[in-house]
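Visitor: Input entry.cif, format and content: mmCIF, C-alpha atoms.
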data_model
#
loop_
_atom_site.label_atom_id
_atom_site.label_comp_id
_atom_site.auth_asym_id
_atom_site.auth_seq_id
_atom_site.Cartn_x
_atom_site.Cartn_y
_atom_site.Cartn_z
CA MET A 54 102.32 121.28 160.60
CA ASN A 55 103.86 120.91 157.15
CA GLN A 56 101.96 121.25 153.88
CA ARG A 57 101.37 117.52 153.55
CA GLN A 58 99.88 117.28 157.04
CA LEU A 59 97.67 120.31 156.39
CA PHE A 60 96.57 118.75 153.09
CA LEU A 61 95.54 115.53 154.80
CA GLN A 62 93.76 117.35 157.64
CA HIS A 63 91.91 120.12 155.82
CA VAL A 64 91.49 119.17 152.15
CA ALA A 65 88.68 116.66 151.59
CA GLN A 66 90.14 113.35 150.46
CA THR A 67 88.77 111.14 147.70
CA SER A 68 90.76 108.00 148.52
CA PRO A 69 92.32 106.53 151.67
CA ALA A 70 95.83 106.80 150.18
CA PRO A 71 96.33 109.96 148.10
CA LEU A 72 99.70 110.44 146.39
CA ALA A 73 100.20 113.68 148.38
CA LEU A 74 103.04 114.83 146.13
CA GLU A 75 103.69 118.51 146.74
CA MET A 76 104.27 120.03 143.31
CA VAL A 77 105.57 123.60 143.21
CA LYS A 78 106.09 124.18 139.48
CA ALA A 79 104.99 122.82 136.11
CA GLU A 80 106.13 123.72 132.61
CA GLY A 81 105.54 121.92 129.31
CA CYS A 82 105.61 118.20 130.09
CA ARG A 83 107.57 118.59 133.32
CA MET A 84 106.69 119.05 137.00
CA TRP A 85 108.89 119.75 140.04
CA ASP A 86 108.12 118.91 143.66
CA ALA A 87 109.01 120.80 146.83
CA GLN A 88 112.33 118.94 147.05
CA GLY A 89 113.26 119.96 143.51
CA LYS A 90 112.73 116.51 142.01
CA GLU A 91 111.70 116.60 138.33
CA TYR A 92 108.90 114.48 136.85
CA ILE A 93 107.66 113.93 133.31
CA ASP A 94 103.87 114.16 133.19
CA LEU A 95 102.36 111.23 131.28
CA ILE A 96 98.74 112.03 132.14
CA ALA A 97 98.48 115.78 131.40
CA GLY A 98 96.27 116.41 134.41
CA ILE A 99 94.01 113.64 133.00
CA SER A 100 93.86 114.93 129.41
CA VAL A 101 93.65 118.60 130.44
CA CYS A 102 97.03 120.02 129.44
CA ASN A 103 97.03 119.06 125.75
CA VAL A 104 99.33 122.00 124.91
CA GLY A 105 101.46 121.40 127.99
CA HIS A 106 101.57 123.12 131.35
CA ARG A 107 101.67 126.92 131.35
CA HIS A 108 102.07 127.48 127.62
CA PRO A 109 103.34 131.06 127.24
CA LYS A 110 100.47 132.08 124.97
CA VAL A 111 97.92 130.75 127.45
CA ILE A 112 99.59 132.62 130.31
CA LYS A 113 99.66 135.80 128.20
CA ALA A 114 95.94 135.50 127.41
CA ILE A 115 95.12 135.05 131.10
CA HIS A 116 97.12 138.13 132.08
CA GLU A 117 95.50 140.23 129.35
CA GLN A 118 92.01 139.19 130.40
CA LEU A 119 92.78 139.85 134.08
CA ASP A 120 93.61 143.42 133.09
CA GLN A 121 90.16 143.81 131.50
CA TYR A 122 87.69 142.09 133.85
CA MET A 123 86.99 138.84 135.64
CA HIS A 124 83.52 137.79 136.77
CA LEU A 125 80.78 140.28 135.89
CA ILE A 126 77.35 138.65 136.13
CA VAL A 127 75.72 135.24 135.79
CA TYR A 128 76.55 133.59 132.48
CA GLY A 129 74.44 134.47 129.45
CA GLU A 130 73.42 138.05 130.30
CA PHE A 131 76.33 140.27 129.25
CA VAL A 132 78.17 140.11 125.93
CA GLU A 133 81.62 139.07 127.12
CA SER A 134 84.25 138.94 124.39
CA PRO A 135 86.16 135.82 125.55
CA GLN A 136 82.94 133.75 125.55
CA VAL A 137 81.78 135.07 122.19
CA GLN A 138 85.12 134.69 120.44
CA TYR A 139 85.79 131.22 121.83
CA ALA A 140 82.31 130.00 120.89
CA LYS A 141 82.91 131.33 117.36
CA LEU A 142 86.32 129.61 117.14
CA LEU A 143 84.80 126.29 118.24
CA ALA A 144 81.90 126.61 115.79
CA ASP A 145 84.32 127.41 112.96
CA HIS A 146 86.03 124.05 113.50
CA LEU A 147 82.91 121.93 114.00
CA PRO A 148 80.22 120.67 111.59
CA ALA A 149 77.60 123.27 110.67
CA SER A 150 74.96 121.73 112.95
CA LEU A 151 77.18 122.20 116.03
CA ASN A 152 76.99 125.98 116.11
CA SER A 153 75.75 126.97 119.58
CA VAL A 154 77.94 126.60 122.67
CA TYR A 155 76.75 126.53 126.27
CA PHE A 156 79.78 126.99 128.54
CA THR A 157 79.85 125.29 131.94
CA ASN A 158 82.40 124.94 134.73
CA SER A 159 83.32 121.33 133.96
CA GLY A 160 82.71 118.35 131.74
CA THR A 161 80.39 116.85 134.33
CA GLU A 162 78.19 119.94 134.20
CA ALA A 163 78.21 119.74 130.42
CA THR A 164 76.80 116.23 130.78
CA GLU A 165 74.06 117.48 133.10
CA GLY A 166 73.12 120.31 130.74
CA ALA A 167 72.99 118.00 127.73
CA MET A 168 70.73 115.55 129.55
CA LYS A 169 68.32 118.36 130.38
CA LEU A 170 68.46 119.64 126.80
CA ALA A 171 67.60 116.19 125.42
CA LYS A 172 64.59 115.85 127.71
CA ARG A 173 63.43 119.36 126.84
CA VAL A 174 63.82 118.89 123.07
CA THR A 175 62.27 115.43 122.81
CA GLY A 176 59.73 115.49 125.65
CA ARG A 177 61.02 112.04 126.60
CA THR A 178 62.67 110.80 129.78
CA GLU A 179 64.55 107.57 129.02
CA ILE A 180 68.31 107.60 128.46
CA VAL A 181 70.62 104.96 127.02
CA ALA A 182 74.25 104.98 128.14
CA PHE A 183 76.99 102.35 128.01
CA LYS A 184 78.68 99.96 130.37
CA ASN A 185 82.17 101.08 131.43
CA SER A 186 81.43 104.65 130.42
CA TYR A 187 82.34 107.69 132.49
CA HIS A 188 80.59 111.06 132.22
CA GLY A 189 81.07 112.63 135.67
CA SER A 190 80.18 112.18 139.32
CA THR A 191 77.19 114.42 140.01
CA GLN A 192 73.84 112.69 140.62
CA GLY A 193 72.65 112.86 137.02
CA ALA A 194 76.01 111.97 135.48
CA LEU A 195 76.47 109.24 138.07
CA SER A 196 73.16 107.72 136.96
CA ILE A 197 74.54 107.13 133.48
CA ILE A 198 78.12 106.04 134.18
CA GLY A 199 78.58 102.40 133.37
CA ASP A 200 79.76 100.66 136.51
CA GLU A 201 77.62 99.64 139.47
CA TYR A 202 80.54 99.79 141.91
CA TRP A 203 80.64 103.58 141.57
CA ARG A 204 76.84 104.04 141.51
CA ASN A 205 75.55 101.72 144.18
CA ALA A 206 76.38 103.71 147.32
CA PHE A 207 74.44 106.74 146.08
CA ARG A 208 71.12 105.26 145.05
CA PRO A 209 68.36 106.10 144.31
CA LEU A 210 69.52 107.71 141.10
CA LEU A 211 67.68 108.82 137.96
CA PRO A 212 65.07 106.33 136.72
CA GLY A 213 64.73 105.33 133.09
CA VAL A 214 68.44 104.81 132.40
CA HIS A 215 69.43 101.74 130.38
CA HIS A 216 73.03 100.57 130.04
CA ALA A 217 73.97 98.96 126.75
CA THR A 218 77.16 97.18 125.77
CA TYR A 219 79.57 99.29 123.74
CA ASN A 220 80.05 97.92 120.20
CA SER A 221 77.01 95.62 120.54
CA PHE A 222 74.73 95.82 117.50
CA GLU A 223 72.04 93.84 119.32
CA ASP A 224 71.86 96.38 122.16
CA LEU A 225 71.00 99.18 119.73
CA GLN A 226 67.43 97.87 120.04
CA LEU A 227 67.35 99.43 123.52
CA ILE A 228 67.01 102.75 121.70
CA THR A 229 63.30 103.36 121.08
CA THR A 230 60.83 106.18 120.50
CA LYS A 231 60.83 106.62 124.29
CA THR A 232 64.55 107.41 124.37
CA ALA A 233 65.43 111.07 124.85
CA CYS A 234 69.13 110.60 124.18
CA VAL A 235 71.99 108.18 123.87
CA ILE A 236 75.18 109.29 125.60
CA ALA A 237 78.42 107.66 124.50
CA GLU A 238 82.11 108.44 124.70
CA THR A 239 83.40 108.57 121.14
CA VAL A 240 86.32 106.53 122.46
CA GLN A 241 85.83 105.01 125.90
CA ALA A 242 88.58 106.36 128.12
CA GLU A 243 88.13 104.96 131.63
CA ALA A 244 87.37 101.52 130.17
CA GLY A 245 91.02 101.46 129.13
CA VAL A 246 90.86 103.06 125.67
CA ILE A 247 88.12 101.16 123.84
CA ALA A 248 87.41 102.48 120.35
CA PRO A 249 84.10 101.86 118.57
CA LEU A 250 83.79 99.80 115.45
CA LYS A 251 83.17 102.26 112.64
CA GLU A 252 80.18 100.24 111.44
CA TRP A 253 78.76 100.14 114.95
CA ILE A 254 78.94 103.86 115.70
CA GLN A 255 77.42 104.57 112.28
CA ALA A 256 74.61 102.13 113.10
CA LEU A 257 74.19 103.93 116.42
CA ARG A 258 73.85 107.24 114.59
CA LYS A 259 71.31 105.69 112.21
CA ARG A 260 69.24 104.17 115.03
CA CYS A 261 69.11 107.52 116.85
CA THR A 262 67.94 109.27 113.69
CA GLU A 263 65.26 106.65 113.04
CA THR A 264 63.82 106.94 116.56
CA GLY A 265 64.12 110.73 116.92
CA THR A 266 66.68 110.27 119.69
CA LEU A 267 69.46 112.80 120.27
CA LEU A 268 72.96 111.34 119.96
CA ILE A 269 75.27 112.90 122.54
CA LEU A 270 78.97 112.16 122.06
CA ASP A 271 81.27 112.77 125.00
CA GLU A 272 84.68 114.05 123.89
CA ILE A 273 85.62 115.47 127.26
CA GLN A 274 88.73 113.29 127.32
CA CYS A 275 89.29 112.43 123.66
CA GLY A 276 88.67 115.85 122.09
CA PHE A 277 91.16 118.53 121.04
CA GLY A 278 93.46 116.26 119.07
CA ARG A 279 93.96 113.58 121.69
CA ASN A 280 92.94 110.77 119.30
CA GLY A 281 94.79 112.10 116.25
CA THR A 282 92.10 114.31 114.72
CA LEU A 283 90.74 117.52 116.19
CA TRP A 284 87.52 115.69 117.12
CA ALA A 285 87.45 111.93 117.50
CA PHE A 286 84.06 111.60 115.75
CA GLU A 287 85.70 112.78 112.50
CA GLN A 288 87.39 109.37 112.26
CA PHE A 289 84.05 107.57 112.07
CA ASP A 290 82.08 109.76 109.63
CA VAL A 291 79.34 110.57 112.13
CA VAL A 292 78.11 113.86 113.57
CA PRO A 293 76.44 113.98 117.00
CA ASP A 294 73.41 116.09 117.83
CA VAL A 295 75.17 117.28 120.97
CA LEU A 296 78.90 117.32 121.70
CA LEU A 297 80.33 117.33 125.24
CA LEU A 298 83.64 119.11 125.86
CA GLY A 299 85.77 119.72 128.93
CA LYS A 300 89.28 119.05 130.24
CA ALA A 301 91.52 120.48 127.45
CA LEU A 302 88.77 122.98 126.57
CA GLY A 303 90.06 125.38 129.25
CA GLY A 304 93.78 125.16 128.51
CA GLY A 305 94.41 124.33 132.18
CA MET A 306 91.56 126.43 133.57
CA PRO A 307 88.18 124.93 134.63
CA LEU A 308 85.80 124.92 131.67
CA GLY A 309 83.25 122.63 130.05
CA ALA A 310 80.67 122.98 127.30
CA PHE A 311 77.85 121.26 125.48
CA VAL A 312 77.44 122.17 121.84
CA ALA A 313 74.35 121.73 119.66
CA ASP A 314 72.40 123.40 116.90
CA LYS A 315 70.99 126.82 117.78
CA GLU A 316 67.46 125.57 117.14
CA LEU A 317 67.88 122.86 119.78
CA MET A 318 69.68 125.06 122.28
CA TRP A 319 66.92 127.69 122.04
CA LYS A 320 64.60 125.27 123.86
CA LEU A 321 66.38 126.18 127.10
CA THR A 322 65.23 129.81 126.84
CA GLU A 323 61.51 129.33 127.41
CA ASN A 324 58.94 127.14 129.19
CA PRO A 325 60.69 127.66 131.57
CA VAL A 326 62.85 130.70 131.04
CA LEU A 327 66.37 130.05 132.34
CA GLY A 328 66.00 126.37 131.52
CA HIS A 329 69.65 125.90 132.36
CA ILE A 330 71.74 128.41 134.27
CA THR A 331 75.21 128.80 135.76
CA THR A 332 76.99 131.52 137.70
CA PHE A 333 80.59 130.86 136.72
CA GLY A 334 80.27 128.76 133.54
CA GLY A 335 82.13 130.46 130.70
CA HIS A 336 84.18 132.56 133.11
CA PRO A 337 85.99 135.12 130.93
CA VAL A 338 89.47 134.21 132.20
CA CYS A 339 88.81 130.50 131.57
CA CYS A 340 87.48 131.23 128.07
CA ALA A 341 90.50 133.43 127.29
CA ALA A 342 92.84 130.65 128.41
CA GLY A 343 90.94 127.96 126.51
CA MET A 344 90.79 130.00 123.30
CA ALA A 345 94.54 130.65 123.49
CA ALA A 346 95.21 126.93 123.99
CA MET A 347 93.02 125.98 121.04
CA LYS A 348 94.81 128.51 118.85
CA VAL A 349 98.16 126.99 119.90
CA LEU A 350 96.80 123.55 119.01
CA LEU A 351 95.79 124.79 115.57
CA ASP A 352 98.65 127.19 114.80
CA GLU A 353 101.41 124.82 115.90
CA GLU A 354 99.66 121.91 114.12
CA LEU A 355 100.09 119.69 117.18
CA VAL A 356 97.51 117.19 115.97
CA LYS A 357 99.68 116.30 112.96
CA GLY A 358 102.36 114.90 115.26
CA VAL A 359 100.06 112.65 117.27
CA ALA A 360 100.18 109.59 114.99
CA ASP A 361 104.00 109.52 114.83
CA LYS A 362 104.27 109.88 118.60
CA GLU A 363 101.76 107.07 119.08
CA THR A 364 103.82 104.88 116.76
CA LEU A 365 107.01 105.68 118.70
CA PHE A 366 105.39 104.78 122.01
CA ARG A 367 104.11 101.51 120.62
CA SER A 368 107.46 100.58 119.07
CA LEU A 369 109.31 101.17 122.36
CA LEU A 370 106.85 99.64 124.81
CA GLN A 371 107.71 95.98 124.22
CA HIS A 372 107.99 93.80 127.32
CA PRO A 373 106.86 90.28 128.34
CA LYS A 374 104.77 91.72 131.19
CA ILE A 375 102.82 94.02 128.84
CA GLU A 376 99.94 91.85 127.64
CA ALA A 377 98.58 94.39 125.16
CA VAL A 378 98.78 98.03 124.17
CA ARG A 379 95.50 99.73 123.28
CA SER A 380 95.78 103.17 121.78
CA ARG A 381 93.95 105.83 119.84
CA GLY A 382 96.44 108.59 119.19
CA LEU A 383 98.02 109.80 122.44
CA MET A 384 95.42 108.01 124.56
CA MET A 385 97.03 104.71 125.48
CA ALA A 386 96.48 101.82 127.87
CA LEU A 387 99.16 99.26 128.76
CA VAL A 388 97.40 96.06 129.81
CA PHE A 389 98.85 93.91 132.61
CA ASP A 390 97.78 90.71 134.31
CA SER A 391 96.35 92.44 137.38
CA PHE A 392 95.85 95.68 139.27
CA GLU A 393 98.57 94.57 141.68
CA THR A 394 101.19 94.46 138.90
CA ASN A 395 99.96 97.74 137.48
CA LYS A 396 99.97 99.52 140.86
CA LYS A 397 103.52 98.37 141.62
CA LEU A 398 104.60 99.73 138.24
CA ILE A 399 102.81 103.05 138.72
CA ASP A 400 104.45 103.53 142.11
CA ALA A 401 107.86 102.63 140.71
CA CYS A 402 107.42 105.03 137.78
CA ILE A 403 106.53 107.88 140.13
CA ASP A 404 109.57 107.09 142.27
CA ASN A 405 111.64 107.32 139.09
CA GLY A 406 110.20 110.62 137.92
CA VAL A 407 107.33 109.58 135.64
CA ILE A 408 103.75 110.49 136.57
CA THR A 409 101.17 107.96 135.42
CA ASP A 410 97.96 106.37 136.67
CA TRP A 411 95.35 103.64 136.15
CA PHE A 412 91.81 103.77 134.69
CA LEU A 413 88.57 103.76 136.71
CA PHE A 414 87.07 100.74 134.92
CA ALA A 415 90.36 99.11 133.90
CA SER A 416 92.56 98.99 136.96
CA ASP A 417 94.90 96.51 135.26
CA CYS A 418 95.80 99.15 132.65
CA LEU A 419 98.41 101.90 132.92
CA ARG A 420 97.32 105.28 131.57
CA ILE A 421 99.45 107.18 129.02
CA VAL A 422 97.83 110.47 127.98
CA PRO A 423 100.67 113.00 127.86
CA PRO A 424 100.56 116.57 126.60
CA LEU A 425 100.50 116.53 122.81
CA THR A 426 103.66 118.65 123.01
CA ILE A 427 105.72 115.74 124.42
CA THR A 428 108.98 115.40 122.47
CA GLU A 429 110.54 112.26 121.01
CA ASP A 430 113.35 112.50 123.55
CA GLU A 431 110.80 112.65 126.38
CA ILE A 432 108.95 109.68 124.94
CA ARG A 433 112.16 107.66 124.79
CA LYS A 434 113.01 108.64 128.35
CA VAL A 435 109.63 107.69 129.86
CA CYS A 436 109.51 104.42 127.94
CA SER A 437 112.99 103.58 129.23
CA VAL A 438 111.79 104.27 132.78
CA ILE A 439 108.67 102.12 132.31
CA LEU A 440 110.68 99.19 130.92
CA SER A 441 113.34 99.46 133.63
CA CYS A 442 110.66 99.50 136.32
CA LEU A 443 109.03 96.42 134.76
CA ASP A 444 112.37 94.62 134.78
CA ALA A 445 112.81 95.45 138.46
CA LEU A 446 109.33 94.33 139.61
CA ASP A 447 110.38 90.77 140.44
CA LYS A 448 113.79 91.63 141.86
#
Reformat the file's structure so that it appears as structure tokens.
Guide:
Amino acid sequence: MNQRQLFLQHVAQTSPAPLALEMVKAEGCRMWDAQGKEYIDLIAGISVCNVGHRHPKVIKAIHEQLDQYMHLIVYGEFVESPQVQYAKLLADHLPASLNSVYFTNSGTEATEGAMKLAKRVTGRTEIVAFKNSYHGSTQGALSIIGDEYWRNAFRPLLPGVHHATYNSFEDLQLITTKTACVIAETVQAEAGVIAPLKEWIQALRKRCTETGTLLILDEIQCGFGRNGTLWAFEQFDVVPDVLLLGKALGGGMPLGAFVADKELMWKLTENPVLGHITTFGGHPVCCAAGMAAMKVLLDEELVKGVADKETLFRSLLQHPKIEAVRSRGLMMALVFDSFETNKKLIDACIDNGVITDWFLFASDCLRIVPPLTITEDEIRKVCSVILSCLDALDK
């Protein structure tokens, strides 16, 4: 049996028709398959590879940490330098109230930990989340994602969850003194790149403060420069009580985190002790990789180039079949008339060496979330492919 047949037989599948591309190498914004065909990656492993695939400084940090130690003991017991130094680096580039980092294995687990923290801190049980939001697929995270299609087959889920409409001022009244937390993506990703009104997200922050509710902002996809500032919430003059991180946090390695004030996070240490625990969260190799990637992001000033690259994409992506372009930095959605049109385009792009995808709650939108290191020449090339494929759809 070849690799593809073994993949289909022994690796659990998540859809009836996986792409099943056999990639053998990745570097920067490029990938190569087993036949040697080259692809430009327009989705960065779904917002993971913000500094590109296999950045030399990330690889170097991984090798150096491997020479020291890998897993030692369950997270939180030993003083492990990669965890300590990465937590300090994150805190140095966050508001003063976001100073304590709990590392997890993934963004989904960060969501779960933050939900527990909110209940522990407030003594409340109700949660407000938003329609068309995505925060992960475990039972707790699934309870708060904003689409019944994805939830229904796995009920019963957590009680006391209310789903509000993003950007609705009226729905802010769902937040009461019974609400433990509000969980919102700073910019909704899987909805097809929906940004908040500045006045609305500030009103959301105000309502949470008035009711003693923790505001949890999910920047698992939009963090680390993706939206044109290091953290997306900086653009709206708000500060969350808890910040969720993942994807790009690990520089290509599995890593998530929830970040809060030390005073809040301390609640997980008693009544009960070990209020939240993980074996592999904050794995030293993952933290070393993530810290190296964040230093690349900062030292090479990659965030400064995001706005110009967004502008270039938008200027080139002009076509009668593109009904709209929604973007926030290098998180973009091309809107088409239907999923059928979008899927034909995605397949054609892949055939022509451009990797792209659709969004969970916006299947009529094509996803563009490339590594922030993508060059102008690469942008021109992928846009040319997209436009050529659109021209050929009806032929």
Visitor: For Leu225 in chain A, which residue among A:Val181, A:Gln121, A:Ser190, A:Arg204 is the nearest when counting only C-alpha atoms?
Guide: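 Of A:Val181, A:Gln121, A:Ser190, A:Arg204, the one nearest Leu225 in chain A is A:Val181, counting only C-alpha atoms.
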Visitor: Starting from the displayed file, determine the output of the PyMOL selection byres ((chain A and resi 258-260) around 12) and express the residue list as an MDAnalysis selection string.
Guide: chainID A and resid 222:230 232 234:237 239 251:257 261:270 286 289:295
Visitor: List the spatial neighbours of Arg433 in chain A as a list in words - criterion: any atom at most 12 Å away, only C-alpha atoms, same-chain residues fewer than 3 positions off excluded.
Guide: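 These residues fall inside the cut-off: Ile93, Lys362, Glu363, Thr364, Leu365, Phe366, Arg367, Ser368, Leu369, Leu370, Ile427, Thr428, Glu429, Asp430, Cys436, Ser437, Val438, Ile439 and Leu440 of chain A.
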Visitor: List the residues matched by the PyMOL selection byres ((chain A and resi 405) around 10) in the displayed structure as a list in words, ordered by chain and then by residue number.
Guide: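 Written out, the selection comes to Lys90, Glu91, Tyr92, Ile93, Ile399, Asp400, Ala401, Cys402, Ile403, Asp404, Gly406, Val407, Ile408, Val435, Val438, Ile439, Ser441 and Cys442 of chain A.
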Visitor: Using all atoms listed in the file, which residue out of A:Leu296, A:Val246, A:Val154, A:Leu425 lies closest to Gln136 in chain A?
Guide: A:Val154
Visitor: Env of Val378 in chain A: 7 Å cut, atoms = only C-alpha atoms, seq-sep filter 5 positions within chain, self excluded. Answer as a PyMOL selection string.
Guide: chain A and resi 386-388
Visitor: Leaving out Ile198 in chain A and any residue of its chain fewer than 3 positions from it, which residues lie within 9 Å of it when counting all atoms listed in the file, given as number ranges by chain?
Guide: A: 182-190, 194-195, 201, 203-204, 216
Visitor: Name the residues captured by the PyMOL selection byres ((chain A and resi 326-335) around 10) when it is applied to the shown file; answer as a PyMOL selection string.
Guide: chain A and resi 124-129+133+135-137+139-140+154-159+162-163+165-167+169-170+173+303+307-310+319-325+336-341
Visitor: Neighbours of Gln56 in chain A within 12 Å (all atoms listed in the file; same-chain residues fewer than 5 positions away dropped), as a ChimeraX atom specification?
Guide: /A:61-64,73-77,87
Visitor: Here is a test: counting only C-alpha atoms, which residue of A:Ile112, A:Leu398, A:Val422, A:Ala97 is nearest to Asn280 in chain A?
Guide: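 For Asn280 in chain A, the nearest of the given residues is A:Val422.
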Visitor: Considering only C-alpha atoms, state which residue in the set A:Leu350, A:Ile273, A:Leu95, A:Leu297 is at the smallest distance from Ile432 in chain A.
Guide: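 Answer, going by the shortest atom-to-atom distance: A:Leu95.
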Visitor: Using all atoms listed in the file, pick whichever of A:Leu302, A:Leu355, A:Met54, A:Ala248 has the shortest atom-to-atom distance to Gln274 in chain A.
Guide: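 Looking at the shortest contact to Gln274 in chain A, the residue is A:Leu302.
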Visitor: Would you mind putting back N, CA and C atoms on range 174-187 of chain A, then writing it out as a PDB file, keeping the file's coordinate frame?
Guide:
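Result file is out_39.pdb:
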ATOM      1  N   VAL A 174      64.033 118.903 124.520  1.00  0.00           N
ATOM      2  CA  VAL A 174      63.820 118.890 123.070  1.00  0.00           C
ATOM      3  C   VAL A 174      62.863 117.776 122.664  1.00  0.00           C
ATOM      4  N   THR A 175      63.041 116.592 123.259  1.00  0.00           N
ATOM      5  CA  THR A 175      62.270 115.430 122.810  1.00  0.00           C
ATOM      6  C   THR A 175      60.974 115.222 123.593  1.00  0.00           C
ATOM      7  N   GLY A 176      60.886 115.775 124.798  1.00  0.00           N
ATOM      8  CA  GLY A 176      59.730 115.490 125.650  1.00  0.00           C
ATOM      9  C   GLY A 176      59.753 114.084 126.203  1.00  0.00           C
ATOM     10  N   ARG A 177      60.886 113.417 126.112  1.00  0.00           N
ATOM     11  CA  ARG A 177      61.020 112.040 126.600  1.00  0.00           C
ATOM     12  C   ARG A 177      61.899 112.018 127.848  1.00  0.00           C
ATOM     13  N   THR A 178      61.923 110.884 128.528  1.00  0.00           N
ATOM     14  CA  THR A 178      62.670 110.800 129.780  1.00  0.00           C
ATOM     15  C   THR A 178      63.723 109.690 129.821  1.00  0.00           C
ATOM     16  N   GLU A 179      63.616 108.700 128.948  1.00  0.00           N
ATOM     17  CA  GLU A 179      64.550 107.570 129.020  1.00  0.00           C
ATOM     18  C   GLU A 179      65.896 107.941 128.388  1.00  0.00           C
ATOM     19  N   ILE A 180      66.953 107.359 128.947  1.00  0.00           N
ATOM     20  CA  ILE A 180      68.310 107.600 128.460  1.00  0.00           C
ATOM     21  C   ILE A 180      69.026 106.273 128.302  1.00  0.00           C
ATOM     22  N   VAL A 181      69.766 106.133 127.222  1.00  0.00           N
ATOM     23  CA  VAL A 181      70.620 104.960 127.020  1.00  0.00           C
ATOM     24  C   VAL A 181      72.073 105.405 127.126  1.00  0.00           C
ATOM     25  N   ALA A 182      72.817 104.748 127.999  1.00  0.00           N
ATOM     26  CA  ALA A 182      74.250 104.980 128.140  1.00  0.00           C
ATOM     27  C   ALA A 182      74.954 103.626 128.006  1.00  0.00           C
ATOM     28  N   PHE A 183      76.242 103.577 128.287  1.00  0.00           N
ATOM     29  CA  PHE A 183      76.990 102.350 128.010  1.00  0.00           C
ATOM     30  C   PHE A 183      77.782 101.873 129.224  1.00  0.00           C
ATOM     31  N   LYS A 184      77.880 100.569 129.323  1.00  0.00           N
ATOM     32  CA  LYS A 184      78.680  99.960 130.370  1.00  0.00           C
ATOM     33  C   LYS A 184      80.135 100.424 130.230  1.00  0.00           C
ATOM     34  N   ASN A 185      80.778 100.620 131.376  1.00  0.00           N
ATOM     35  CA  ASN A 185      82.170 101.080 131.430  1.00  0.00           C
ATOM     36  C   ASN A 185      82.370 102.468 130.835  1.00  0.00           C
ATOM     37  N   SER A 186      81.317 103.268 130.874  1.00  0.00           N
ATOM     38  CA  SER A 186      81.430 104.650 130.420  1.00  0.00           C
ATOM     39  C   SER A 186      81.585 105.560 131.633  1.00  0.00           C
ATOM     40  N   TYR A 187      82.215 106.711 131.418  1.00  0.00           N
ATOM     41  CA  TYR A 187      82.340 107.690 132.490  1.00  0.00           C
ATOM     42  C   TYR A 187      81.957 109.065 131.954  1.00  0.00           C
TER      43      TYR A 187
END
